[in-house]
Amino acid sequence: MRITKMIAVVAFAVFGFTQISAQNADAKITKTKIVEASVDKVWAELRKLDNIDEISSFVGKVEFTGPMGAGGTRVCTAPDGKGKFKENILAFDDATRSYTYAVVEGVPAAGMVSNFKVVDLGYNKSMIVWTSTYEKFMQNPQMNEEQFNGFLNQASGEMINNIAALASK
Amino acid sequence: MRYSNVIFSVLFSLSVNAQTTQFLLESLHLNRSISITAFDTAPEVRDKPIVYLTDGQKMIENGSLNVIETLTRANKVPVAFYVFVSTIDEASGVDFRNEYFFCNENYRRFFEEELIPHIEESVFPLGRKRKSKERSLVGISFGGLNAAYFSATATSFQSYGILSPVTYPCQQELMKHIAFSKNKDLKIFLSTGTNDAERYLPPLKASYEGKGYQVKVHKTDGAHDFDNWNKQWEVVLAYLLK
């Protein structure tokens with residue numbers, strides 16, 4: 001977790017993403033990124049639920065079990081093999097190009113639910129929207145809530161950037 | 001809680017031994033009276049499990065109670081105490097199942113804080129507090145959605161019969177509750193007919209298996225109707241009451 005803490009601190013230092021970070025009434029964190037690619041191309045990348053290790057440097061391995069959609073579970077293991085977090089896919093909808101997942105283990109937050117969605121902005125243009133909420137931060141010696149939010153921002157920002165890059169190829 | 005509002009109680013025998021009791025229970029959580037039919041398949045047996053069933057009135061009207069009685073008499077299912085909980089308001093005739101069954105916390109509180117205490121302290125007391133493993137909940141269709149919601153949020157039951165669950169009214173909320181549920185060692189029966197609830201079963205099955213619950217899936221050629229559900233009582237109850 002010490003590494004995670006360092007990452008979170010670094011994330012604060014380089015908090016200059018091209019994405020817009022905002023707070024709203026329903027979500028703790030919302031991140032968006034406009035992509036110069038069609039909504040279908042972006043969703044084609046985003047809907048791959050078991051390739052988090054390819055779009056996040058925080059994940060070295062993904063084990064996916066169950067249906068590739070609602071009810072599926074993915075366990076993401078850190079590159080050093082020391083930390084892992086478990087996510088359950090709560091909803092998956094090709095029609096609305098959206099999926100929602102709960103992080104049930106491995107983060108210092110209770111009731112954490114996140115959502116990815118791709119919005120059509122017209123010809124060859126779309127927007128990735130990622131939101132995350134949690135009910136309660138669990139106090140721990142490794143990181144405080146501000147650092148945790150920084151970590152979320154960095155991790156999600158990296159994933160969004162990589163998805164955008166893959167879709168724009 | 002006020003249990004003084006049990007309006008009437010009728011006791012009669014369906015067979016030599018079995019007894020049925022009907023009454024209204026006024027619920028503060030639901031703000032109306034709920035019609036209950038308690039069915040004791042073997043009054044001479046003191047210690048037996050309790051099966052709670054939603055859509056109780058419809059089940060009785062469509063022959064479920066009779067099927068269960070026949071199966072019990074034939075020793076095809078264990079003796080048990082059944083509680084049929086109606087969703088139909090007796091005074092107005094309005095069916096409130098779409099209010100009760102869509103991930104409704106008040107309905108859970110009605111069960112856990114009003115119905116179960118009343119049944120187990122006044123109607124079928126045992127002289128000791130029952131454990132969750134002695135209680136099952138069975139629901140059909142949207143009642144299956146309700147049973148699935150209870151499986152994640154209630155602590156009073158250990159076994160759930162979820163027949164032809166239709167979960168779209170609060171699918172994501174349900175999945176979230178299951179994902180974060182702290183309930184352990186549940187026994188889940190899931191079933192679907194053909195052109196029935198097939199699409200709703202895989203997420204439930206996967207979620208339950210992911211939590212390490214004991215899951216049985218039963219598929220039939222039947223439809224989304226009582227003809228299909230009444231044919232399942234033997235396998236459902238044999239599994240839940242084992």
# chains A, B, ... in the order shown; residues from 1 in each chain; ligands from 1

$ residues_around --residues "stretch 110-122 of chain A" --least-positions-apart "2" --cutoff "6 Å" --atoms "only C-alpha atoms" --output "list of chain:residue names"
A:Val39, A:Arg97, A:Ser98, A:Tyr99, A:Thr100, A:Tyr101, A:Ala102, A:Val103, A:Lys125, A:Ser126, A:Met127, A:Ile128, A:Val129, A:Trp130, A:Thr131, A:Ser132, A:Thr133, A:Tyr134, A:Glu135, A:Lys136

$ write_last_selection --atoms "N, CA and C atoms" --output "PDB file, in the first residue's frame"
ATOM      1  N   VAL A  39     -18.640   6.867 -31.536  1.00  0.00           N
ATOM      2  CA  VAL A  39     -19.131   6.294 -30.291  1.00  0.00           C
ATOM      3  C   VAL A  39     -19.027   4.775 -30.316  1.00  0.00           C
ATOM      4  N   ARG A  97     -24.592   1.971 -24.267  1.00  0.00           N
ATOM      5  CA  ARG A  97     -23.126   1.990 -24.232  1.00  0.00           C
ATOM      6  C   ARG A  97     -22.641   2.379 -22.834  1.00  0.00           C
ATOM      7  N   SER A  98     -23.027   1.554 -21.902  1.00  0.00           N
ATOM      8  CA  SER A  98     -22.741   1.881 -20.511  1.00  0.00           C
ATOM      9  C   SER A  98     -22.582   0.608 -19.692  1.00  0.00           C
ATOM     10  N   TYR A  99     -21.680   0.652 -18.749  1.00  0.00           N
ATOM     11  CA  TYR A  99     -21.674  -0.435 -17.759  1.00  0.00           C
ATOM     12  C   TYR A  99     -21.315   0.108 -16.380  1.00  0.00           C
ATOM     13  N   THR A 100     -21.836  -0.614 -15.388  1.00  0.00           N
ATOM     14  CA  THR A 100     -21.682  -0.191 -14.000  1.00  0.00           C
ATOM     15  C   THR A 100     -21.061  -1.328 -13.202  1.00  0.00           C
ATOM     16  N   TYR A 101     -20.143  -0.999 -12.335  1.00  0.00           N
ATOM     17  CA  TYR A 101     -19.497  -2.047 -11.544  1.00  0.00           C
ATOM     18  C   TYR A 101     -19.315  -1.593 -10.097  1.00  0.00           C
ATOM     19  N   ALA A 102     -19.368  -2.570  -9.210  1.00  0.00           N
ATOM     20  CA  ALA A 102     -19.146  -2.311  -7.782  1.00  0.00           C
ATOM     21  C   ALA A 102     -17.769  -2.827  -7.416  1.00  0.00           C
ATOM     22  N   VAL A 103     -17.055  -2.039  -6.653  1.00  0.00           N
ATOM     23  CA  VAL A 103     -15.762  -2.504  -6.147  1.00  0.00           C
ATOM     24  C   VAL A 103     -16.042  -3.074  -4.756  1.00  0.00           C
ATOM     25  N   LYS A 125     -16.990  11.690 -33.266  1.00  0.00           N
ATOM     26  CA  LYS A 125     -16.714  12.385 -32.007  1.00  0.00           C
ATOM     27  C   LYS A 125     -17.598  11.798 -30.911  1.00  0.00           C
ATOM     28  N   SER A 126     -16.991  11.550 -29.785  1.00  0.00           N
ATOM     29  CA  SER A 126     -17.766  10.982 -28.674  1.00  0.00           C
ATOM     30  C   SER A 126     -17.127  11.422 -27.356  1.00  0.00           C
ATOM     31  N   MET A 127     -17.790  11.079 -26.283  1.00  0.00           N
ATOM     32  CA  MET A 127     -17.258  11.473 -24.970  1.00  0.00           C
ATOM     33  C   MET A 127     -17.361  10.291 -24.016  1.00  0.00           C
ATOM     34  N   ILE A 128     -16.265  10.008 -23.369  1.00  0.00           N
ATOM     35  CA  ILE A 128     -16.263   8.974 -22.323  1.00  0.00           C
ATOM     36  C   ILE A 128     -16.589   9.672 -21.004  1.00  0.00           C
ATOM     37  N   VAL A 129     -17.534   9.098 -20.280  1.00  0.00           N
ATOM     38  CA  VAL A 129     -17.895   9.639 -18.961  1.00  0.00           C
ATOM     39  C   VAL A 129     -17.694   8.542 -17.926  1.00  0.00           C
ATOM     40  N   TRP A 130     -16.921   8.838 -16.928  1.00  0.00           N
ATOM     41  CA  TRP A 130     -16.717   7.889 -15.842  1.00  0.00           C
ATOM     42  C   TRP A 130     -17.168   8.569 -14.543  1.00  0.00           C
ATOM     43  N   THR A 131     -18.025   7.886 -13.807  1.00  0.00           N
ATOM     44  CA  THR A 131     -18.446   8.431 -12.507  1.00  0.00           C
ATOM     45  C   THR A 131     -18.187   7.386 -11.443  1.00  0.00           C
ATOM     46  N   SER A 132     -17.945   7.851 -10.257  1.00  0.00           N
ATOM     47  CA  SER A 132     -17.732   6.923  -9.151  1.00  0.00           C
ATOM     48  C   SER A 132     -18.297   7.520  -7.867  1.00  0.00           C
ATOM     49  N   THR A 133     -18.987   6.692  -7.139  1.00  0.00           N
ATOM     50  CA  THR A 133     -19.508   7.123  -5.838  1.00  0.00           C
ATOM     51  C   THR A 133     -19.137   6.084  -4.792  1.00  0.00           C
ATOM     52  N   TYR A 134     -19.066   6.510  -3.581  1.00  0.00           N
ATOM     53  CA  TYR A 134     -18.952   5.535  -2.496  1.00  0.00           C
ATOM     54  C   TYR A 134     -19.654   6.109  -1.279  1.00  0.00           C
ATOM     55  N   GLU A 135     -20.076   5.166  -0.429  1.00  0.00           N
ATOM     56  CA  GLU A 135     -20.866   5.601   0.722  1.00  0.00           C
ATOM     57  C   GLU A 135     -19.995   6.108   1.864  1.00  0.00           C
ATOM     58  N   LYS A 136     -18.878   5.429   2.071  1.00  0.00           N
ATOM     59  CA  LYS A 136     -18.066   5.798   3.228  1.00  0.00           C
ATOM     60  C   LYS A 136     -16.600   5.455   2.986  1.00  0.00           C
TER      61      LYS A 136
END

$ interface_residues --of "chain A" --to "chain B" --cutoff "6 Å" --atoms "only C-alpha atoms" --output "list in words"
Gly66, Ala70, Gly71, Leu90 and Ala91 of chain A

$ write_last_selection --atoms "C-alpha atoms" --output "mmCIF file, in the first residue's frame"
data_model
loop_
_atom_site.group_PDB
_atom_site.id
_atom_site.type_symbol
_atom_site.label_atom_id
_atom_site.label_comp_id
_atom_site.auth_asym_id
_atom_site.auth_seq_id
_atom_site.Cartn_x
_atom_site.Cartn_y
_atom_site.Cartn_z
ATOM 1 C CA GLY A 66 -19.097 -15.364 -14.897
ATOM 2 C CA ALA A 70 -24.083 -8.130 -15.475
ATOM 3 C CA GLY A 71 -23.186 -10.736 -12.886
ATOM 4 C CA LEU A 90 -23.826 -4.702 -11.884
ATOM 5 C CA ALA A 91 -25.211 -3.606 -15.230
#

$ atom_distance --atom1 "atom CA of B:Ile119" --atom2 "atom CA of B:Tyr82"
10.3 Å

$ residues_around --residues "B:Phe189" --least-positions-apart "5" --cutoff "9 Å" --atoms "only C-alpha atoms" --output "list of chain:residue names"
B:Ser159, B:Tyr160, B:Gly161, B:Ile162, B:Leu163, B:Gln214, B:Val215, B:Lys216, B:Val217, B:His218, B:Val236, B:Tyr239, B:Leu240

$ residues_around --residues "B:His29" --least-positions-apart "2" --cutoff "12 Å" --atoms "only C-alpha atoms" --output "list in words"
Met1, Arg2, Leu25, Glu26, Ser27, Asn31, Arg32, Ser33, Ile34, Tyr100, Asn104, Glu105, Asn106, Tyr107, Arg108, Arg109, Phe110, Phe111, Glu112, Glu113, Glu114 and Leu115 of chain B

$ write_last_selection --atoms "N, CA and C atoms" --output "CSV table (one decimal), in the first residue's frame"
chain,number,residue,atom,x,y,z
B,1,MET,N,-44.7,-1.7,17.6
B,1,MET,CA,-45.6,-2.5,16.7
B,1,MET,C,-46.9,-2.9,17.4
B,2,ARG,N,-47.9,-2.8,16.7
B,2,ARG,CA,-49.2,-3.1,17.2
B,2,ARG,C,-49.8,-4.4,16.6
B,25,LEU,N,-53.1,-8.5,9.2
B,25,LEU,CA,-52.1,-7.9,10.0
B,25,LEU,C,-51.9,-6.5,9.6
B,26,GLU,N,-52.1,-5.6,10.5
B,26,GLU,CA,-51.9,-4.2,10.2
B,26,GLU,C,-50.5,-3.8,10.2
B,27,SER,N,-50.0,-3.3,9.1
B,27,SER,CA,-48.5,-3.0,9.0
B,27,SER,C,-48.3,-1.5,9.1
B,31,ASN,N,-48.4,0.8,6.0
B,31,ASN,CA,-49.5,1.6,6.2
B,31,ASN,C,-50.8,1.0,5.7
B,32,ARG,N,-51.0,-0.3,5.8
B,32,ARG,CA,-52.2,-0.9,5.4
B,32,ARG,C,-52.3,-2.3,6.0
B,33,SER,N,-53.4,-2.9,6.0
B,33,SER,CA,-53.6,-4.3,6.5
B,33,SER,C,-53.2,-5.3,5.4
B,34,ILE,N,-52.5,-6.3,5.9
B,34,ILE,CA,-52.0,-7.3,4.9
B,34,ILE,C,-52.7,-8.6,5.3
B,100,TYR,N,-44.7,-3.3,-3.6
B,100,TYR,CA,-43.9,-4.1,-2.6
B,100,TYR,C,-42.7,-4.8,-3.1
B,104,ASN,N,-38.1,-2.8,-2.3
B,104,ASN,CA,-38.8,-2.0,-1.3
B,104,ASN,C,-38.3,-2.3,0.1
B,105,GLU,N,-37.6,-1.3,0.7
B,105,GLU,CA,-37.0,-1.5,2.0
B,105,GLU,C,-38.2,-1.6,3.1
B,106,ASN,N,-39.3,-0.9,2.8
B,106,ASN,CA,-40.4,-1.0,3.8
B,106,ASN,C,-41.0,-2.4,3.8
B,107,TYR,N,-41.0,-3.0,2.6
B,107,TYR,CA,-41.6,-4.4,2.6
B,107,TYR,C,-40.7,-5.3,3.3
B,108,ARG,N,-39.4,-5.2,3.2
B,108,ARG,CA,-38.4,-6.0,4.0
B,108,ARG,C,-38.7,-5.7,5.5
B,109,ARG,N,-38.9,-4.5,5.9
B,109,ARG,CA,-39.1,-4.2,7.3
B,109,ARG,C,-40.4,-4.8,7.8
B,110,PHE,N,-41.4,-4.7,6.9
B,110,PHE,CA,-42.7,-5.4,7.3
B,110,PHE,C,-42.4,-6.9,7.6
B,111,PHE,N,-41.7,-7.5,6.7
B,111,PHE,CA,-41.4,-8.9,7.0
B,111,PHE,C,-40.6,-9.1,8.3
B,112,GLU,N,-39.5,-8.4,8.4
B,112,GLU,CA,-38.6,-8.7,9.5
B,112,GLU,C,-39.0,-8.2,10.8
B,113,GLU,N,-39.8,-7.1,10.8
B,113,GLU,CA,-40.1,-6.4,12.1
B,113,GLU,C,-41.6,-6.6,12.5
B,114,GLU,N,-42.4,-7.0,11.5
B,114,GLU,CA,-43.8,-7.1,11.9
B,114,GLU,C,-44.3,-8.5,11.6
B,115,LEU,N,-44.2,-9.0,10.4
B,115,LEU,CA,-44.8,-10.3,10.1
B,115,LEU,C,-44.1,-11.5,10.8

$ select_by_dssp --residues "stretch 35-224 of chain B" --states "strand (DSSP E or B)" --output "PyMOL selection string"
chain B and resi 35-40+50-54+81-85+88+95+135-140+159-163+187-192+214-219

$ residues_around --residues "stretch 138-146 of chain B" --least-positions-apart "6" --cutoff "8 Å" --atoms "only C-alpha atoms" --output "ChimeraX atom specification"
/B:51-55,97-98,100-104,160-167,224,229

$ atom_distance --atom1 "atom CA of B:Arg130" --atom2 "atom CA of B:Phe84"
18.6 Å

$ residues_around --residues "A:Ser56" --least-positions-apart "5" --cutoff "8 Å" --atoms "only C-alpha atoms" --output "number ranges by chain"
A: 155, 158-159, 162

$ residues_around --residues "B:Lys48" --least-positions-apart "6" --cutoff "9 Å" --atoms "only C-alpha atoms" --output "ChimeraX atom specification"
/B:42,78-81,134

$ select_by_dssp --residues "stretch 29-166 of chain A" --states "alpha helix (DSSP H)" --output "ChimeraX atom specification"
/A:39-46,52-55,145-166

$ atom_distance --atom1 "atom CA of A:Leu46" --atom2 "atom CA of A:Ser156"
12.5 Å
